[in-house]
Amino acid sequence: MNKILVTGGAGYLGSVLCKKLLDEGHAVKCFDRLYFGVEPVKPLLKNKRFELIPGNILNIGDFSDIFKGVDAVIHLAGIANDPTAELDPQLTHKINYESSVRIARQARKYGIKRFIFASSCSVYGKGLSDIVNEDSPLNPVSVYAESKMNAEREIVALKGDGFHPISLRQATLYGVSPRMRVDLAINLMVLHALLKRKIFIWGGGEQWRPFLHVADAADAFIYCLGLPLSDVSGRIYNLGSTKDNLKIIDLANIVKDTVKGTKLDIIPENPDKRSYRVSCDKIVKELKWKPKKRIEDGIEELMEFFASCKTDALNDPLFYNIKTVQGFVQKPAALGGDPIRADFLPFSLPLLGKEEEGEVIDTLRSGWLTRGPKTARLEEMFKEYIGCKYSICVSSCTAALHLCLAALGIKKGDEVITSPITWPATANVIVHTGATPVFADVDRETLNIDPSSIEKKITSKTKAIIPVHMAGQPCEIDKIRKIAKKHKLYIIEDAAHAIGASYKGKKIGTLSDFACFSFYPIKNMTTIEGGLVVTNNPEWAEKIRVYSLHGVSNDAWKRYDSSFKGTIEVVYPGFKYNMTDVQASLGLHQLPKLDSFIRERKLIVQQYNDAFRELKEISVPKQLREIGNAYHLYIIILDIDRMKITRDEFMDALKKENIGVGLHFRSLHVQQYYKDTFKFKSSSLPNAMYLSERILSLPMYPKMTQYDVDTVIKAVKKLIAYYKK
Ligand SMILES: Cc1ncc(COP(=O)(O)O)c(C=O)c1O
């Protein structure tokens with residue numbers, strides 16, 4: 001007895017094969033996605049030698065002990081037949097090609113000697129000669145055939161080190177199986193002849209095709225299990241019978257003659273470009289194997305099956321690969337469908353190179369880890385990049401914002417106006433100074449603070465405005481400056497998202513009293529944690545520098561240096577907000593890449609915009625003219641009135657599709673602390689409220705591959721199609 005792992009063991013061929021293997025005394029591990037349910041192998045479950053492992057070969061890596069105790073692998077699993085494979089060519093490629101090769105590699109790694117791959121005669125596509133054999137050039141004309149060809153090529157090339165792969169290029173199967181299919185030429189003709197008295201012939205029926213009974217195919221796989229490994233290793237065989245090649249029209253006439261009263265309906269156009277006549281002499285000659293069943297016997301058997309079939313074979317989706325697979329592909333993973341991708345795509349990933357690694361190691365070995373020469377160098381680089389007079393690197397953007405308020409002497413009794421659509425840090429730091437945060441509403445179209453709403457919130461206590469450049473799109477800073485000038489208010493830009501952005505040709509960081517940037521890992525560039533304040537005012541710059549390092553006299557970081565004279569002096573009760581040289585090491589190499597990172601983000605934005613333009617259920621923030629967007633976040637606004645699910649449910653559903661998502665942001669005025677402390681009413685900021693329930697952010701970062709971008713688009717479209725009203 002051998003233990004055989006059969007992937008796709010509950011399928012059309014698999015269910016016949018598993019039964020035969022058990023009948024011959026083998027033990028069977030059946031791995032199957034169970035698209036068609038457990039029914040086809042249900043009778044086998046009683047057998048102690050049969051083990052059913054439900055799973056998708058896309059996730060084969062999650063089944064670590066699947067190869068344990070296995071003597072041979074018969075790999076059948078995959079998306080089968082041409083139209084089903086065309087449903088999602090990328091998915092077909094992943095399943096039929098990448099996953100197949102992965103399974104073969106793993107089998108090899110686990111020391112399994114015999115690996116039989118179910119390939120297909122479709123690889124001949126539009127046959128390049130009158131009759132093709134295993135040495136003929138391949139000419140696949142479908143996604144399915146191409147995926148089989150590529151998988152076969154790599155799998156047979158894995159031969160060696162005790163691994164013996166063999167590939168069987170199967171003819172078109174026919175016959176009855178516990179997992180019945182009618183989307184196969186002979187099966188469908190018999191069904192149509194019986195129920196419609198009509199056989200449809202596309203393209204005149206001149207195309208050639210080899211045929212093989214499903215039971216013969218199963219026997220061939222079992223036969224190969226018993227052959228000496230050296231005879232079959234790395235070999236490819238056409239699986240069928242040379243005499244059972246037929247033109248479709250001839251096949252139709254055979255069926256027509258068997259089922260009395262049947263007519264042929266010839267349809268000139270033909271979506272199927274395949275035509276191949278295949279020699280199966282090699283398997284007869286070298287392996288001494290040939291099929292037993294005759295096509296005529298198969299037709300009789302099919303007639304009997306359909307005559308006694310209890311379900312509506314014409315319409316039962318379980319009888320058609322395309323209908324059932326399409327159901328799983330279209331159904332959200334949250335409801336049991338297949339996720340758009342097998343692995344989880346994180347919402348964001350930094351892009352760090354060897355330069356960053358080298359610089360960090362250099363710093364670690366230098367003996368000086370915290371604020372020091374590298375932080376100072378980074379500040380110089382920023383000054384040049386932004387075109388401002390002063391720049392101070394700090395521990396975070398939160399620290400940067402706090403330091404600006406402190407430098408301005410904002411205190412209890414003061415009010416600071418900001419946006420409610422922001423990260424809590426923006427308002428939290430106002431609270432930490434003792435002042436009161438006042439939220440102005442945002443513009444529904446841009447997500448940025450609305451200048452007209454700012455004006456309405458100004459009182460005699462207002463001291464400053466903190467506009468937030470949401471998602472990398474600058475606010476209307478000209479208008480905000482005008483208001484600030486009129487009311488003698490300071491402006492601190494929360495530019496956490498806007499490093500690299502510009503407004504009317506000028507870099508963000510040069511347009512108001514202060515701008516604060518963030519280098520948190522999801523930001524456009526990172527120093528792990530980190531932030532930066534820029535200003536053109538020397539007094540504020542000096543204060544912020546001192547405040548950021550305990551409030552002790554300037555250059556305190558040099559106090560252990562041999563050149564440092566005297567003692568340190570506390571001049572303010574400062575904070576511990578400095579950056580470290582380890583962090584700065586990353587920044588020194590991230591900053592020169594920043595503009596290219598933004599360009600790459602923009603390319604993704606363009607693809608998303610193009611893909612989503614036609615969807616009425618989502619919109620994107622309006623792009624203002626005369627601004628240079630830093631493209632930090634790709635936010636979509638979900639029209640929940642057109643959807644059957646809420647935004648939160650939509651986000652959860654996207655995660656189930658294995659797409660990471662973010663929420664930037666739920667309005668602060670409805671969040672517990674702010675609501676309870678400042679008694680904000682949710683209706684007081686209608687636009688913020690509106691957006692709060694509708695926005696979500698999709699992955700968008702330079703490290704994404706084209707596949708990542710494509711799967712995000714597919715997942716969004718899939719969920720919209722499924723959940724729209
Ligand atoms: C708008 C905004 N402001 C401030 C911050 C705080 O940045 P940091 O994490 O660097 O303190 C963030 C962080 O995500 C943010 O999104």
# chains A, B, ... in the order shown; residues from 1 in each chain; ligands from 1

$ closest_atom_pairs --of "chain A" --to "ligand 1" --cutoff "9 Å" --atoms "only C-alpha atoms and all ligand atoms" --output "CSV"
residue,atom,partner,partner_atom_place_in_ligand_line,distance
A:Ser395,CA,ligand 1,10 (O),7.5
A:Ser396,CA,ligand 1,10 (O),3.9
A:Cys397,CA,ligand 1,10 (O),3.7
A:Thr398,CA,ligand 1,11 (O),3.7
A:Ala399,CA,ligand 1,11 (O),6.4
A:Ala400,CA,ligand 1,11 (O),7.8
A:Leu401,CA,ligand 1,4 (C),7.8
A:Ile421,CA,ligand 1,1 (C),8.2
A:Thr422,CA,ligand 1,1 (C),4.8
A:Trp423,CA,ligand 1,15 (C),4.7
A:Pro424,CA,ligand 1,4 (C),7.3
A:Ala425,CA,ligand 1,4 (C),5.2
A:Thr426,CA,ligand 1,3 (N),5.3
A:Ala427,CA,ligand 1,3 (N),8.9
A:Val468,CA,ligand 1,1 (C),5.9
A:His469,CA,ligand 1,1 (C),7.2
A:Met470,CA,ligand 1,1 (C),6.6
A:Ala471,CA,ligand 1,1 (C),8.1
A:Asp494,CA,ligand 1,3 (N),5.7
A:Ala495,CA,ligand 1,1 (C),6.9
A:Ala496,CA,ligand 1,2 (C),4.9
A:His497,CA,ligand 1,16 (O),6.2
A:Cys516,CA,ligand 1,4 (C),8.2
A:Phe517,CA,ligand 1,10 (O),7.1
A:Ser518,CA,ligand 1,10 (O),4.0
A:Phe519,CA,ligand 1,10 (O),5.6
A:Tyr520,CA,ligand 1,10 (O),5.0
A:Pro521,CA,ligand 1,9 (O),8.6
A:Ile522,CA,ligand 1,14 (O),8.0
A:Lys523,CA,ligand 1,14 (O),7.7
A:Glu529,CA,ligand 1,10 (O),6.2
A:Gly530,CA,ligand 1,10 (O),5.6
A:Gly531,CA,ligand 1,10 (O),5.4
A:Leu532,CA,ligand 1,10 (O),8.7
A:His664,CA,ligand 1,16 (O),7.6
A:Phe665,CA,ligand 1,16 (O),8.5

$ residues_around --residues "region 298-304 of chain A" --least-positions-apart "2" --cutoff "7 Å" --atoms "only C-alpha atoms" --output "CSV table (one decimal) with C-alpha atoms, in the first residue's frame"
chain,number,residue,atom,x,y,z
A,175,GLY,CA,-17.9,10.1,-19.2
A,176,VAL,CA,-19.7,9.9,-16.0
A,187,ASN,CA,-21.0,15.1,-22.3
A,190,VAL,CA,-25.2,13.9,-25.4
A,294,ARG,CA,-14.7,3.4,-26.7
A,295,ILE,CA,-16.4,6.7,-27.3
A,296,GLU,CA,-19.6,4.9,-28.3
A,306,PHE,CA,-28.8,11.8,-18.0
A,307,ALA,CA,-32.0,9.7,-18.4
A,308,SER,CA,-31.9,8.9,-14.7

$ residues_around --residues "region 365-370 of chain A" --least-positions-apart "6" --cutoff "12 Å" --atoms "only C-alpha atoms" --output "JSON, numbers by chain"
{"A": [358, 359, 376, 393, 394, 395, 549, 556, 557, 558, 560, 561, 576, 577, 578, 579, 580, 581, 582, 583, 584, 585]}

$ write_last_selection --atoms "C-alpha atoms" --output "short mmCIF file (atom, residue, chain, number, x, y, z; two decimals), in the first residue's frame"
data_model
loop_
_atom_site.label_atom_id
_atom_site.label_comp_id
_atom_site.auth_asym_id
_atom_site.auth_seq_id
_atom_site.Cartn_x
_atom_site.Cartn_y
_atom_site.Cartn_z
CA GLY A 358 24.53 50.60 6.01
CA GLU A 359 24.03 54.04 7.55
CA ALA A 376 22.37 67.88 12.30
CA CYS A 393 14.42 67.23 13.75
CA VAL A 394 12.35 65.86 16.61
CA SER A 395 10.93 62.58 17.85
CA LEU A 549 16.00 68.73 24.60
CA ALA A 556 23.18 70.37 25.01
CA TRP A 557 23.69 67.30 22.86
CA LYS A 558 27.33 68.31 22.57
CA TYR A 560 29.96 65.13 26.31
CA ASP A 561 32.13 66.45 23.51
CA LYS A 576 12.52 65.17 25.68
CA TYR A 577 11.54 65.35 22.03
CA ASN A 578 14.82 64.94 20.21
CA MET A 579 15.47 62.71 17.23
CA THR A 580 18.27 60.13 17.48
CA ASP A 581 21.13 59.63 15.06
CA VAL A 582 19.90 56.09 14.39
CA GLN A 583 16.63 57.55 13.13
CA ALA A 584 18.41 60.30 11.23
CA SER A 585 20.49 57.60 9.51
#

$ closest_atom_pairs --of "region 58-100 of chain A" --to "region 4-28 of chain A" --cutoff "8 Å" --atoms "only C-alpha atoms" --output "tab-separated table"
residue	atom	partner	partner_atom	distance
A:Phe67	CA	A:Leu5	CA	7.5
A:Val70	CA	A:Ile4	CA	5.8
A:Asp71	CA	A:Ile4	CA	6.0
A:Ala72	CA	A:Ile4	CA	5.1
A:Val73	CA	A:Leu5	CA	4.7
A:Ile74	CA	A:Val6	CA	4.8
A:His75	CA	A:Thr7	CA	5.0
A:Leu76	CA	A:Gly8	CA	5.1
A:Ala77	CA	A:Gly8	CA	3.8
A:Gly78	CA	A:Gly8	CA	7.1

$ residues_around --residues "region 378-380 of chain A" --least-positions-apart "2" --cutoff "9 Å" --atoms "only C-alpha atoms" --output "ChimeraX atom specification"
/A:373-376,382-385,390-393,532,584-585,587-588,591

$ write_last_selection --atoms "C-alpha atoms" --output "mmCIF file, in the first residue's frame"
data_model
loop_
_atom_site.group_PDB
_atom_site.id
_atom_site.type_symbol
_atom_site.label_atom_id
_atom_site.label_comp_id
_atom_site.auth_asym_id
_atom_site.auth_seq_id
_atom_site.Cartn_x
_atom_site.Cartn_y
_atom_site.Cartn_z
ATOM 1 C CA PRO A 373 26.099 64.835 13.831
ATOM 2 C CA LYS A 374 23.767 62.795 11.627
ATOM 3 C CA THR A 375 20.649 64.540 12.919
ATOM 4 C CA ALA A 376 22.373 67.878 12.302
ATOM 5 C CA PHE A 382 15.865 69.454 4.874
ATOM 6 C CA LYS A 383 16.573 73.158 4.863
ATOM 7 C CA GLU A 384 17.844 72.815 1.361
ATOM 8 C CA TYR A 385 15.036 70.533 0.216
ATOM 9 C CA TYR A 390 15.423 76.674 10.066
ATOM 10 C CA SER A 391 14.641 73.006 10.513
ATOM 11 C CA ILE A 392 14.659 70.998 13.725
ATOM 12 C CA CYS A 393 14.418 67.234 13.750
ATOM 13 C CA LEU A 532 10.449 67.866 11.758
ATOM 14 C CA ALA A 584 18.410 60.301 11.234
ATOM 15 C CA SER A 585 20.489 57.598 9.509
ATOM 16 C CA GLY A 587 16.333 59.989 6.888
ATOM 17 C CA LEU A 588 19.674 60.762 5.261
ATOM 18 C CA LEU A 591 15.011 62.180 1.791
#

$ residues_around --residues "region 116-132 of chain A" --least-positions-apart "4" --cutoff "7 Å" --atoms "only C-alpha atoms" --output "list in words"
Val73, Ile74, His75, Leu76, Ser136, Leu138, Asn139, Pro140, Val141, Ala145, Glu146, Lys148, Met149, Glu152, Pro165, Ile166, Ser167, Leu168, Arg169, Gln170, Ala171, Asn238, Lys273, Arg274, Ser275, Tyr276, Arg277, Val278 and Ser279 of chain A

$ write_last_selection --atoms "N, CA and C atoms" --output "CSV table (one decimal), in the first residue's frame"
chain,number,residue,atom,x,y,z
A,73,VAL,N,2.7,12.0,-5.3
A,73,VAL,CA,1.7,13.1,-5.4
A,73,VAL,C,1.1,13.0,-6.8
A,74,ILE,N,-0.2,13.1,-6.9
A,74,ILE,CA,-0.9,13.3,-8.2
A,74,ILE,C,-1.5,14.6,-8.2
A,75,HIS,N,-1.0,15.5,-9.0
A,75,HIS,CA,-1.5,16.9,-8.8
A,75,HIS,C,-2.5,17.3,-10.0
A,76,LEU,N,-3.7,17.3,-9.6
A,76,LEU,CA,-4.8,17.6,-10.5
A,76,LEU,C,-5.4,19.0,-10.3
A,136,SER,N,6.4,18.2,-30.7
A,136,SER,CA,5.9,19.3,-31.6
A,136,SER,C,6.0,20.6,-30.8
A,138,LEU,N,4.8,23.9,-29.0
A,138,LEU,CA,3.5,24.2,-28.4
A,138,LEU,C,3.0,25.5,-28.9
A,139,ASN,N,1.7,25.6,-28.9
A,139,ASN,CA,1.1,26.9,-29.4
A,139,ASN,C,-0.2,27.2,-28.7
A,140,PRO,N,-0.1,27.4,-27.4
A,140,PRO,CA,-1.3,27.6,-26.6
A,140,PRO,C,-2.1,28.9,-27.0
A,141,VAL,N,-3.4,28.8,-27.1
A,141,VAL,CA,-4.2,29.9,-27.5
A,141,VAL,C,-5.2,30.3,-26.4
A,145,ALA,N,-4.3,27.0,-21.3
A,145,ALA,CA,-3.3,26.2,-21.9
A,145,ALA,C,-1.9,26.8,-21.5
A,146,GLU,N,-1.8,28.1,-21.5
A,146,GLU,CA,-0.6,28.8,-21.2
A,146,GLU,C,-0.1,28.4,-19.8
A,148,LYS,N,-0.9,25.8,-18.0
A,148,LYS,CA,-0.5,24.4,-18.0
A,148,LYS,C,0.9,24.2,-18.6
A,149,MET,N,1.1,24.9,-19.7
A,149,MET,CA,2.4,24.8,-20.4
A,149,MET,C,3.5,25.3,-19.4
A,152,GLU,N,4.0,22.9,-16.5
A,152,GLU,CA,4.6,21.6,-16.9
A,152,GLU,C,6.1,21.8,-17.1
A,165,PRO,N,9.5,13.8,-11.6
A,165,PRO,CA,8.2,14.3,-12.1
A,165,PRO,C,7.8,13.7,-13.4
A,166,ILE,N,6.5,13.6,-13.7
A,166,ILE,CA,6.1,13.1,-15.0
A,166,ILE,C,4.8,14.0,-15.3
A,167,SER,N,4.7,14.3,-16.6
A,167,SER,CA,3.5,15.1,-16.9
A,167,SER,C,2.7,14.4,-18.0
A,168,LEU,N,1.4,14.3,-17.7
A,168,LEU,CA,0.5,13.6,-18.6
A,168,LEU,C,-0.4,14.7,-19.2
A,169,ARG,N,-0.3,14.9,-20.6
A,169,ARG,CA,-1.1,15.8,-21.3
A,169,ARG,C,-2.4,15.2,-21.7
A,170,GLN,N,-3.4,15.5,-20.9
A,170,GLN,CA,-4.7,14.7,-21.1
A,170,GLN,C,-5.4,15.2,-22.4
A,171,ALA,N,-6.0,14.2,-23.0
A,171,ALA,CA,-7.0,14.5,-24.1
A,171,ALA,C,-8.3,15.1,-23.4
A,238,ASN,N,1.5,12.3,-24.0
A,238,ASN,CA,0.1,12.6,-24.4
A,238,ASN,C,-0.7,11.5,-23.9
A,273,LYS,N,-10.6,28.8,-30.3
A,273,LYS,CA,-9.6,28.8,-31.4
A,273,LYS,C,-8.8,27.5,-31.5
A,274,ARG,N,-9.1,26.6,-30.6
A,274,ARG,CA,-8.2,25.4,-30.5
A,274,ARG,C,-8.6,24.4,-31.6
A,275,SER,N,-7.6,23.7,-32.1
A,275,SER,CA,-7.8,22.6,-33.0
A,275,SER,C,-6.5,21.8,-33.0
A,276,TYR,N,-6.5,20.6,-32.5
A,276,TYR,CA,-5.3,19.8,-32.4
A,276,TYR,C,-5.6,18.3,-32.6
A,277,ARG,N,-4.8,17.6,-33.4
A,277,ARG,CA,-5.0,16.2,-33.6
A,277,ARG,C,-3.7,15.6,-33.0
A,278,VAL,N,-3.8,14.7,-32.0
A,278,VAL,CA,-2.7,14.4,-31.2
A,278,VAL,C,-2.3,12.9,-31.3
A,279,SER,N,-1.0,12.7,-31.5
A,279,SER,CA,-0.6,11.3,-31.5
A,279,SER,C,-0.3,10.9,-30.1

$ residues_around --residues "Arg599 (chain A)" --least-positions-apart "3" --cutoff "12 Å" --atoms "only C-alpha atoms" --output "list in words"
Gly500, Ala501, Asn524, Lys593, Leu594, Asp595, Ser596, Lys602, Leu603, Ile604, Val605, Gln606, Gly628, Asn629, Ala630, Tyr631, His632, Met700, Tyr701 and Pro702 of chain A

$ residues_around --residues "Leu403 (chain A)" --least-positions-apart "5" --cutoff "10 Å" --atoms "only C-alpha atoms" --output "PyMOL selection string"
chain A and resi 394+397-398+408-409+429+433+516+533+540-541+543-548+574-575+577

$ write_last_selection --atoms "C-alpha atoms" --output "PDB file, in the first residue's frame"
ATOM      1  CA  VAL A 394      12.348  65.860  16.615  1.00  0.00           C
ATOM      2  CA  CYS A 397       5.179  65.098  14.317  1.00  0.00           C
ATOM      3  CA  THR A 398       3.156  65.116  17.523  1.00  0.00           C
ATOM      4  CA  LEU A 408       4.163  80.520  20.835  1.00  0.00           C
ATOM      5  CA  GLY A 409       3.294  80.403  24.526  1.00  0.00           C
ATOM      6  CA  VAL A 429      -1.300  68.687  21.791  1.00  0.00           C
ATOM      7  CA  THR A 433      -0.933  73.218  26.524  1.00  0.00           C
ATOM      8  CA  CYS A 516       5.347  70.044  11.065  1.00  0.00           C
ATOM      9  CA  VAL A 533       9.555  71.477  12.442  1.00  0.00           C
ATOM     10  CA  TRP A 540      11.013  80.346  17.439  1.00  0.00           C
ATOM     11  CA  ALA A 541      13.571  78.010  15.916  1.00  0.00           C
ATOM     12  CA  LYS A 543      13.128  78.027  21.367  1.00  0.00           C
ATOM     13  CA  ILE A 544      11.975  74.829  19.714  1.00  0.00           C
ATOM     14  CA  ARG A 545      15.520  73.485  19.604  1.00  0.00           C
ATOM     15  CA  VAL A 546      16.025  74.139  23.296  1.00  0.00           C
ATOM     16  CA  TYR A 547      12.534  72.958  24.278  1.00  0.00           C
ATOM     17  CA  SER A 548      13.071  69.706  22.388  1.00  0.00           C
ATOM     18  CA  GLY A 574      11.526  71.635  28.209  1.00  0.00           C
ATOM     19  CA  PHE A 575      10.627  68.249  26.815  1.00  0.00           C
ATOM     20  CA  TYR A 577      11.540  65.347  22.032  1.00  0.00           C
TER      21      TYR A 577
END

$ closest_residue --among "A:Ile483, A:Asp32, A:Thr262, A:Leu191" --to "Ala313 (chain A)" --atoms "only C-alpha atoms"
A:Leu191

$ atom_distance --atom1 "CA of Gly372 (chain A)" --atom2 "CA of Leu349 (chain A)"
27.7 Å

$ atom_distance --atom1 "CA of Lys354 (chain A)" --atom2 "CA of Met704 (chain A)"
18.3 Å

$ select_by_dssp --residues "region 29-149 of chain A" --states "alpha helix (DSSP H)" --output "list of chain:residue names"
A:Asp82, A:Pro83, A:Thr84, A:Ala85, A:Glu86, A:Pro89, A:Gln90, A:Leu91, A:Thr92, A:Ser100, A:Val101, A:Arg102, A:Ile103, A:Ala104, A:Arg105, A:Gln106, A:Ala107, A:Arg108, A:Lys109, A:Val143, A:Tyr144, A:Ala145, A:Glu146, A:Ser147, A:Lys148, A:Met149

$ select_by_dssp --residues "region 31-75 of chain A" --states "strand (DSSP E or B)" --output "PDB file with C-alpha atoms, in the first residue's frame"
ATOM      1  CA  PHE A  31      -6.704  17.937  -0.937  1.00  0.00           C
ATOM      2  CA  ASP A  32      -9.473  19.932  -2.526  1.00  0.00           C
ATOM      3  CA  PHE A  50      -9.207   8.095   2.863  1.00  0.00           C
ATOM      4  CA  GLU A  51      -8.433  11.487   4.347  1.00  0.00           C
ATOM      5  CA  LEU A  52     -10.087  14.673   3.069  1.00  0.00           C
ATOM      6  CA  ILE A  53      -8.185  17.933   3.540  1.00  0.00           C
ATOM      7  CA  PRO A  54     -10.232  20.931   2.403  1.00  0.00           C
ATOM      8  CA  ALA A  72       3.548   9.981  -4.381  1.00  0.00           C
ATOM      9  CA  VAL A  73       1.678  13.111  -5.438  1.00  0.00           C
ATOM     10  CA  ILE A  74      -0.895  13.250  -8.213  1.00  0.00           C
ATOM     11  CA  HIS A  75      -1.467  16.932  -8.847  1.00  0.00           C
TER      12      HIS A  75
END

$ atom_distance --atom1 "CA of Asn150 (chain A)" --atom2 "CA of Gly234 (chain A)"
14.7 Å
